[in-house]
Structures are given as structure tokens and as C-alpha cells.
2 protein chains.
Amino acid sequence: MAARNPKRSSTAPRREAARQKVGSTDPAGLKDAGSMPQDGNVRRSATTARPTHIPTMQDVADAAGVSQSTVSRVLTGAPNAIPINPATRERILEVARQMRYRPNPLARGLRGARTMLLGVIVREITDPFFAGAVDAISTEANLRGYNVVLGHAHGRTDEAIALRAVLETRHCDAILLLGDTSDQPRLMDDLRDTNFSVVGLWQGTAPMPGISIIGVDNRFGVGGLMDHLLGLGHRKIAFIGGAFIEGQLIGDIGERRVAFLERAAAEGLEAPEGFVRDAQNTLHGGAGALEELMALPQRPTAIVASTDVLAIGALHAACHMGLDVPGEISIVGFDDLPMAEYTTPALTTVRMPMAEMAAAGVKAAVDEGEDREATTVQILKPTVVVRESSGPARVAAD
Amino acid sequence: MAARNPKRSSTAPRREAARQKVGSTDPAGLKDAGSMPQDGNVRRSATTARPTHIPTMQDVADAAGVSQSTVSRVLTGAPNAIPINPATRERILEVARQMRYRPNPLARGLRGARTMLLGVIVREITDPFFAGAVDAISTEANLRGYNVVLGHAHGRTDEAIALRAVLETRHCDAILLLGDTSDQPRLMDDLRDTNFSVVGLWQGTAPMPGISIIGVDNRFGVGGLMDHLLGLGHRKIAFIGGAFIEGQLIGDIGERRVAFLERAAAEGLEAPEGFVRDAQNTLHGGAGALEELMALPQRPTAIVASTDVLAIGALHAACHMGLDVPGEISIVGFDDLPMAEYTTPALTTVRMPMAEMAAAGVKAAVDEGEDREATTVQILKPTVVVRESSGPARVAAD
DNA sequence: CGCACGAGTGCAATCGAATGTAGCATACCA
DNA sequence: TGGTATGCTACATTCGATTGCACTCGTGCG
């Protein structure tokens, strides 16, 4: 049948066709539309009786008696582009409101519109520090009209999963990496050849190809801690925390460790064997490290933990061993978790410029936008917060 | 090839001919079709040179010399439905791999496919309990091939934002509500007329219309705590924590409070004025409540905090006041945060069946699937964990 | 009197993938 | 050798919203 030759439909009554779309008065024209279930647009309004009652833009259009494109123009609020009769506009808005119409973000995204979604990949959401970071970022993102999609890395092992999580959700406008993920090469790799911006926060301060970095000045923070402890007379200072990947120190914790070592050397501090300990960044890891330190022939009088989590673990272990903190030993951390103020004794630590970093991260992610390549590195300074877990070095001689 | 001649060229292979269908066969016809840019699909392969280098399925098809639909069938792995020549299949897979093709989830979703996304709405991600819950849910979701989208409620005020977060992300296959959100009527309202499943976790144990509930047996948990304290000889027991909305007690905390009151009454405990205190669920709130309790003419010998966060705050305040815990006062919590084991002294509390609840929640969300209406209520039992913050009641006479 | 201009709308193509169906081969059967 | 299976592909439609373009109807101007 002539089914194939669509062409002509237009020849038909031009204006007729146009106007009476919904009507039924164009037998001829439709007919030739051929084998199709015909009745081109009537279908919609009629057939739309799907089980789901989520209204589409077409539904709104039908209800308001205008075309779907008009509804689109009104709802997307394109203000100046194309003029819409105020009366029509009001009517459409009203109908849409009544029908509780919600635009389908998928359809929007398909056309290339921004999804207003920020992907956040965090290694461990249970780390209170990152929970706080997610919160700060989420707050900041909301201010700009963005929402946050959380991808979970679950430690290094399941990198494959995290990877998929990202790629599959690549309908995000940008991705923020929280914490060190450089040990997930596949992830980094896949991220590199995407076309949206990637921003790394708390990943250390080293520039990385293709991604913007927002970091904290770890050297400055550790320096402040050391100043504080040295000022209290400590000369035997130990360090807890390290993160190695194939022998390389990485990320913030690695930087803190390096900063500690350099400063210790510069001050000519004693550095007995075992004064620098690796530990998993968990409460348990901190506790274990403290026990080991205390078992050393020469005990330190102060301990710098590379994170508050480690410090809190160490604190607990110390109290458990009956040690007086800070009487016998001072313990300081890094991060200033909300909890740090509520430990016993309250923890001396380093406060992150959390809100600022979140703001900078979101800004970079959003602004950078199309502009890949234009990656930046921003390093913010933390501040030392002195509480109760650090005190004068015991003059004791052991 | 006959580059020059616009019309079809008969270029050789029959196959070719097929390809350019619309292209040429109707010179006259087109004319009248009027002005359309015609040349239906050839365009694609040529024009597709957009700046972005994310390959589409069509690109893969072109590269492999097959049609887009064939690529789709190969990649989606439709196993038995339609047979594909193994050789073709391999070729396509290879090309796709080389081009690093990734399916566009938006397009997929638009067709109604499951997005494999679970929306999780949490009021405060900084609450370590919920951070843990998110972690557990995320783990469980990943096992089933789902990823988690986090919606952030940020306390009650910005309910509008949370609401939008949800509705805008309604391309989730299901939504999990973490913690009490019943004070966000607009949210609940909007959620009600969606067509996907909604599951509430840690929202108390009362059935709710249209949503499945996974709860913990608060009465049982509080009962266990009371058994423990009563067994230690405590008769003057105070309670911290309450959440009121318009005079109604709600959620888990509300249930714990009710359970406490009932049990206290049943045991005929003394209940001096002020022994039951409201408090914001924060460390600070817990600390404040403890100070108030200790300022009472009659001090309690034990305190039941409705969450670990409150308990830890109280613990800190107690230590700060120089009180001996548990010597002078016992403090117990609820939730068993990771941190609970590392406070000083370690906290006696109630352990959530976290993994089980997460599993049940995800299962409900996923299985329920289409089957709205089929909502359920599951109540799991927690277990008391005795540590160091609770001890025998002082026989003292105050 | 006609024509251009512009406000206001509708039409139809489009985004990328999924899928029902038509169509072409080759193979097999009668 | 004609006819029918059947394996394999291509075509065209679809999802919902966006958007370039065309079209209609008034108006004002030449």
C-alpha cells in the first residue's frame, strides 16, 4: 500500500490539519498515514490511560487545550525567547499545578540539559569526617540548586563496583571525589575520559591531570600541631597513620606523615625506632597503635595522630591502660570531628575549613562546567584547636 | 564512491541500497513535503561529529557496519529472543570495547527500564547512626546491582528542598526513608502519589499508608536496658530524648520514651519531676540534659539516653563534672555506634540489627517493585550490649 | 490595498536506546 | 524448482521534553 509515502500529509489542508488536530474531521489525510494505528495525535490524550498516573507534559497540554511545545515553553520559563500570551501562561501553570505535573528529568537530560546532579564518590561514608564533608557539600550544592548523588567506594576492594556506580550515573553534571581514591586506577582511568568536570577534595595537594584539586594545607596543619607540642616542651613525639600504595605515600595522610618527619628532623627530635606507626584509619587502628607505642622501650610523651578517628582510638586505649592524658601523654588529632569536642579528655586537633572547601569544590565542579582542561589546585589552611588532650611534657626521666 | 551524486547511487551491494531508503527514492514527493531538511538517516553517521567524544550506540553501529538496533540487541545481551550471528556479535562487542562505549542511562530510563537506582532520604547524614545505615544499605543495594542516590533533608526547615530532591529524582526505582520524616508532610504527601515503592526504616513501628516499614523493636530494646539497670539495683532512672511534633510523640525516639515510661510505671519506680528530659539529638543536647539532671534536688543513679549520640554527650558532661561513671551514675544508650565501644568508659547500649534491617529494606524496596499497595511492616529485635558505663547502683543515701 | 512584521502557537525533529515488525538471504523440503 | 522455514538485520516507532521553523492572524505602514 501507499503506506510508504508519508510525504504528503502536509499537502493536505494545511491550516485545517493544523488546527483540528484533536478533531476527527480529516479522514482522508489520516487514512493515508497508512497502516499505523493512525490518528496521530488523538492517540495521546486517549490512550494515555496508563496505569501510572504521572502526568506528562502532553497531558497538561491536552488539559489546557494547547500544544505540548507551548506547555514546555511556559514551564521552562524561557522568559524572553518566545512570547506567550499571559492568559495562556496562567492557564497552563494552573493546570500543571492541579495535575501535580513534574518534569521528567530523564527526558530533560536526554536533550542535553543539565541534570543538576552532582556525583560524590566517597570511600567510606562511615568515616565521620567524610559524613561531615558530604553534609557540607550537599548543603552547598543545594544552595546552587544541585542535588547530590552518592557513590560508595567501600574500601579499595570493590573498586569495580564504584566504577560502575559512577559510569552508570554519568548523567551527573560533575563528579566530586572525597578522600583518596588514587588507589583505584580503573576508576581514575574511566573518569579521565568523561566529558564533565571532576574535582578531588581531600586528596592531598598534588596536581592531577584532568581534575581540579581542593586540598587542605597539611604541612601547615601539622606544623601548627608541632608548634603547640614543642611549645609544651615535648621532644619525644610519635606519629600514627600512613597510607601506602605500592610503596608510595599518598593522600592527605601521607602528606601529614611527611610533614611530621621533616619537621621532626628539622627540630632535631629524637626519633627512636617505631615512633612512626602505620595504622588503618579506624578507631581500632588507633588503639592498636597506641598500645604498640606504649610497649616501646622508650615511650613518647606526645602523639600526633593523622586523623581524629585514630586519635580517639588512641585516647580510648590510653585511658584503658590507665594512662593519664595529658598528664603522662599528650594526644592530638587532625580533622576536628564534632566528636572531638566530646571525648574525654576533649581532643586537641586541627580544624578543617570544611564549609570553605565544600564551597570551593562545588563551585569548581559547577563553574568549570564545559571547560575541562581548566583545572585548578586550591589549598586552604586549617587551624589548630587546643583542647584538653595535650599538656606540658612530663619532665620525668624514663 | 559516487560521492557526487546526491541520489542514490546504486552503489553496489544490495545492502547499501537498503540503507538509504528515504534518501532518494522520491524526488518529487519530497519537494512537496516542503522544505524539510530531509535525508533521514544518512545524516547521522556524517554529522555526528559533535565536540563530545562520548560514543553513542549509533556510532558503534556505524563503526561495526551494522544497524543501531543490532548493536542494542548484542549489548543488552538479549540471549534467546533474537538470534545474532556470533561473528557479528563478536565484532560489535570488540568495536564497542575499543570505542569505550557506555550506554546512556538516561535514554535507557526514558524507555522505562529500571534505573537501578535507590533513592535514600536521610535527615542528617552527619548523625553517625544514619551514616552507618546508609553504608549498610549501600552495601546491600550494590549486592543487588543497585546504586544509591542520597537525598538530604537537612533538618525540618528545608523540607521543600528535600521534596524537590525526591521528586526530581523520581527516576529512582524506589525510595528509602531513613529516620523520622513524618514531620515533613509535604514530602510524605508527594511521596504518596508516586508509582514506585517507598520504604521507611527507623521510622518507628506504626504502619503507614502506602509505605512499607522496617523498624526495630524499641520496646524490646528499652526493656532490655531496663532489665539490666534494674538488675543492678537502680530505682532512680532518668530518660533523655524526645521528639514532639505538634504534641505528638513520634518515631523511634518517641517509642523509646513511651516504652521507658510504661516500664517505669510498671516497676513502680520513683519518678521525680524532671526525670524525663527532652533534648535535641546531638552531643550538645545530651550534655545539656545531663547537667540539668544533675542539678535536680534528687539525682538519678542511672540514665537511659534514647540514642548513643545523646549518651556520649551525657558521658562527656558527666566526666567533666567530675562524676564517676558508672560509680556514681550509670549511663546507657541506644544504637551501638562504632564509637560506643571507644568512649571512656565504653558505652552500654543496644545494638541495632543493622545489616538485617538494611537487607530487609532493600529487599522490600526492590521486590515490592510494581506491587504498590502490598506494603508490609517488619519489626526486628535489637540486643543489649553491656560495656562499662553501667554498674551497680550506689547504695548511698543522698 | 497590499505587504511586511510580529506576537502567539503548533508541528515535527531530536536526544539515545529498546523493540516490534518487515524483509532479505540461505537452506531445506517437497 | 517452487515454496516454506528460519536465521539474521534493518527499519521505524517509542519514551518525554526541548527547540528550530512554519504558520496564522492582526496591525501598522507605505
# chains A, B, ... in the order shown; residues from 1 in each chain; ligands from 1
call {"tool": "interface_residues", "arguments": {"of": "chain B", "to": "chain D", "cutoff": "9 Å", "atoms": "only C-alpha atoms (C1' of nucleotides)", "output": "ChimeraX atom specification"}}
result
/B:18-19,66-70,82-85,107,109-112
call {"tool": "residues_around", "arguments": {"residues": "A:Asn218", "least_positions_apart": "4", "cutoff": "9 Å", "atoms": "only C-alpha atoms (C1' of nucleotides)", "output": "list in words"}}
result
Gly204, Thr205, Val222, Gly223, Asp252, Ile253, Glu255, Arg256, Ala259, Lys381 and Pro382 of chain A
call {"tool": "interface_residues", "arguments": {"of": "chain B", "to": "chain A", "cutoff": "6 Å", "atoms": "only C-alpha atoms", "output": "list in words"}}
result
Ala33, Leu106, Leu110, Thr126, Ala131, Gly132, Val149, Leu150, His316 and Tyr342 of chain B
call {"tool": "select_by_dssp", "arguments": {"residues": "stretch 306-359 of chain A", "states": "helix (DSSP H, G or I)", "output": "list in words"}}
result
Asp308, Val309, Leu310, Ala311, Ile312, Gly313, Ala314, Leu315, His316, Ala317, Ala318, Cys319, His320, Pro338, Met339, Ala340, Glu341, Tyr342, Met354, Ala355, Glu356, Met357, Ala358 and Ala359 of chain A
call {"tool": "residues_around", "arguments": {"residues": "A:Gly361", "least_positions_apart": "5", "cutoff": "9 Å", "atoms": "only C-alpha atoms (C1' of nucleotides)", "output": "PDB file with C-alpha atoms, in the first residue's frame"}}
result
ATOM      1  CA  ILE A 137      28.836  19.588  50.098  1.00  0.00           C
ATOM      2  CA  LEU A 176      33.454  15.148  43.314  1.00  0.00           C
ATOM      3  CA  VAL A 199      37.003  17.629  41.335  1.00  0.00           C
ATOM      4  CA  GLY A 200      39.025  15.952  44.031  1.00  0.00           C
ATOM      5  CA  LEU A 201      38.698  17.025  47.638  1.00  0.00           C
ATOM      6  CA  SER A 212      40.733  20.032  39.897  1.00  0.00           C
ATOM      7  CA  ILE A 213      42.040  19.676  43.398  1.00  0.00           C
ATOM      8  CA  ILE A 214      40.741  21.278  46.545  1.00  0.00           C
ATOM      9  CA  GLU A 356      35.031  26.711  52.549  1.00  0.00           C
ATOM     10  CA  VAL A 366      29.771  23.674  38.631  1.00  0.00           C
TER      11      VAL A 366
END
call {"tool": "interface_residues", "arguments": {"of": "chain C", "to": "chain B", "cutoff": "8 Å", "atoms": "only C-alpha atoms (C1' of nucleotides)", "output": "list of chain:residue names"}}
result
C:DG16, C:DA17, C:DA18
call {"tool": "write_last_selection", "arguments": {"atoms": "N, CA and C atoms (P, O5', C5', C4', C3', O3' and C1' of nucleotides)", "output": "tab-separated table (two decimals), in the first residue's frame"}}
result
chain	number	residue	atom	x	y	z
C	16	DG	P	22.73	11.53	21.32
C	16	DG	O5'	22.25	10.17	21.97
C	16	DG	C5'	22.41	9.98	23.36
C	16	DG	C4'	21.77	8.67	23.77
C	16	DG	C3'	22.30	7.46	23.01
C	16	DG	O3'	22.55	6.45	23.96
C	16	DG	C1'	19.95	7.54	22.83
C	17	DA	P	23.21	5.13	23.51
C	17	DA	O5'	21.99	4.14	23.74
C	17	DA	C5'	21.50	4.00	25.06
C	17	DA	C4'	20.14	3.35	25.05
C	17	DA	C3'	20.13	1.89	24.59
C	17	DA	O3'	19.46	1.15	25.60
C	17	DA	C1'	18.46	3.15	23.47
C	18	DA	P	19.39	-0.40	25.52
C	18	DA	O5'	17.87	-0.64	25.12
C	18	DA	C5'	16.87	-0.20	26.02
C	18	DA	C4'	15.51	-0.53	25.48
C	18	DA	C3'	15.30	-1.99	25.09
C	18	DA	O3'	13.99	-2.35	25.51
C	18	DA	C1'	14.83	-0.59	23.24
call {"tool": "residues_around", "arguments": {"residues": "B:Ala393", "least_positions_apart": "5", "cutoff": "7 Å", "atoms": "only C-alpha atoms (C1' of nucleotides)", "output": "number ranges by chain"}}
result
B: 232-234, 301
call {"tool": "select_by_dssp", "arguments": {"residues": "stretch 298-396 of chain B", "states": "strand (DSSP E)", "output": "list in words"}}
result
Ala302, Ile303, Val304, Ala305, Ser330, Ile331, Val332, Thr349, Val350, Arg351, Val377, Gln378, Ile379, Leu380, Thr383, Val384 and Val385 of chain B
call {"tool": "atom_distance", "arguments": {"atom1": "atom CA of A:Asp62", "atom2": "atom CA of A:Arg91"}}
result
12.0 Å
call {"tool": "atom_distance", "arguments": {"atom1": "atom CA of B:Met352", "atom2": "atom CA of B:Asp336"}}
result
6.7 Å
call {"tool": "residues_around", "arguments": {"residues": "B:Leu225", "least_positions_apart": "3", "cutoff": "10 Å", "atoms": "only C-alpha atoms (C1' of nucleotides)", "output": "PDB file with N, CA and C atoms, in the first residue's frame"}}
result
ATOM      1  N   ARG B 219      10.516  -1.143  72.118  1.00  0.00           N
ATOM      2  CA  ARG B 219      10.055  -1.573  73.432  1.00  0.00           C
ATOM      3  C   ARG B 219      10.958  -2.685  73.969  1.00  0.00           C
ATOM      4  N   PHE B 220      11.281  -3.566  73.083  1.00  0.00           N
ATOM      5  CA  PHE B 220      12.154  -4.684  73.463  1.00  0.00           C
ATOM      6  C   PHE B 220      13.532  -4.181  73.876  1.00  0.00           C
ATOM      7  N   GLY B 221      14.052  -3.246  73.098  1.00  0.00           N
ATOM      8  CA  GLY B 221      15.378  -2.709  73.396  1.00  0.00           C
ATOM      9  C   GLY B 221      15.404  -1.976  74.722  1.00  0.00           C
ATOM     10  N   VAL B 222      14.439  -1.103  74.895  1.00  0.00           N
ATOM     11  CA  VAL B 222      14.384  -0.360  76.151  1.00  0.00           C
ATOM     12  C   VAL B 222      14.158  -1.335  77.305  1.00  0.00           C
ATOM     13  N   HIS B 228      18.482  -4.674  82.625  1.00  0.00           N
ATOM     14  CA  HIS B 228      19.878  -4.579  83.008  1.00  0.00           C
ATOM     15  C   HIS B 228      20.057  -3.630  84.199  1.00  0.00           C
ATOM     16  N   LEU B 229      19.487  -2.449  84.085  1.00  0.00           N
ATOM     17  CA  LEU B 229      19.660  -1.452  85.145  1.00  0.00           C
ATOM     18  C   LEU B 229      18.958  -1.880  86.432  1.00  0.00           C
ATOM     19  N   LEU B 230      17.755  -2.394  86.279  1.00  0.00           N
ATOM     20  CA  LEU B 230      17.022  -2.843  87.457  1.00  0.00           C
ATOM     21  C   LEU B 230      17.802  -3.951  88.147  1.00  0.00           C
ATOM     22  N   GLY B 231      18.374  -4.797  87.327  1.00  0.00           N
ATOM     23  CA  GLY B 231      19.155  -5.899  87.876  1.00  0.00           C
ATOM     24  C   GLY B 231      20.356  -5.406  88.666  1.00  0.00           C
ATOM     25  N   PHE B 260       9.872   3.467  77.938  1.00  0.00           N
ATOM     26  CA  PHE B 260      10.510   3.733  79.225  1.00  0.00           C
ATOM     27  C   PHE B 260       9.477   4.084  80.287  1.00  0.00           C
ATOM     28  N   VAL B 304      18.926   6.576  81.025  1.00  0.00           N
ATOM     29  CA  VAL B 304      18.722   5.914  79.742  1.00  0.00           C
ATOM     30  C   VAL B 304      18.637   7.008  78.686  1.00  0.00           C
ATOM     31  N   VAL B 332      23.375   4.684  79.822  1.00  0.00           N
ATOM     32  CA  VAL B 332      23.261   3.721  78.728  1.00  0.00           C
ATOM     33  C   VAL B 332      22.626   4.401  77.511  1.00  0.00           C
ATOM     34  N   GLY B 333      22.962   3.866  76.379  1.00  0.00           N
ATOM     35  CA  GLY B 333      22.474   4.481  75.147  1.00  0.00           C
ATOM     36  C   GLY B 333      21.648   3.532  74.303  1.00  0.00           C
ATOM     37  N   PHE B 334      21.559   3.847  73.033  1.00  0.00           N
ATOM     38  CA  PHE B 334      20.752   3.044  72.122  1.00  0.00           C
ATOM     39  C   PHE B 334      21.270   3.273  70.709  1.00  0.00           C
ATOM     40  N   THR B 348      27.451   1.171  77.441  1.00  0.00           N
ATOM     41  CA  THR B 348      26.450   0.105  77.411  1.00  0.00           C
ATOM     42  C   THR B 348      25.316   0.608  76.535  1.00  0.00           C
ATOM     43  N   THR B 349      24.889  -0.220  75.622  1.00  0.00           N
ATOM     44  CA  THR B 349      23.891   0.281  74.670  1.00  0.00           C
ATOM     45  C   THR B 349      23.092  -0.858  74.061  1.00  0.00           C
ATOM     46  N   VAL B 350      22.328  -0.549  73.038  1.00  0.00           N
ATOM     47  CA  VAL B 350      21.502  -1.555  72.371  1.00  0.00           C
ATOM     48  C   VAL B 350      21.939  -1.644  70.919  1.00  0.00           C
ATOM     49  N   THR B 383      19.642  -6.065  70.361  1.00  0.00           N
ATOM     50  CA  THR B 383      20.191  -6.788  71.510  1.00  0.00           C
ATOM     51  C   THR B 383      21.003  -5.854  72.390  1.00  0.00           C
ATOM     52  N   VAL B 384      20.892  -6.058  73.687  1.00  0.00           N
ATOM     53  CA  VAL B 384      21.631  -5.209  74.622  1.00  0.00           C
ATOM     54  C   VAL B 384      23.107  -5.594  74.633  1.00  0.00           C
ATOM     55  N   VAL B 385      23.943  -4.587  74.643  1.00  0.00           N
ATOM     56  CA  VAL B 385      25.390  -4.824  74.728  1.00  0.00           C
ATOM     57  C   VAL B 385      25.885  -4.143  75.999  1.00  0.00           C
ATOM     58  N   VAL B 386      26.330  -4.931  76.936  1.00  0.00           N
ATOM     59  CA  VAL B 386      26.779  -4.348  78.198  1.00  0.00           C
ATOM     60  C   VAL B 386      28.266  -4.040  78.138  1.00  0.00           C
TER      61      VAL B 386
END
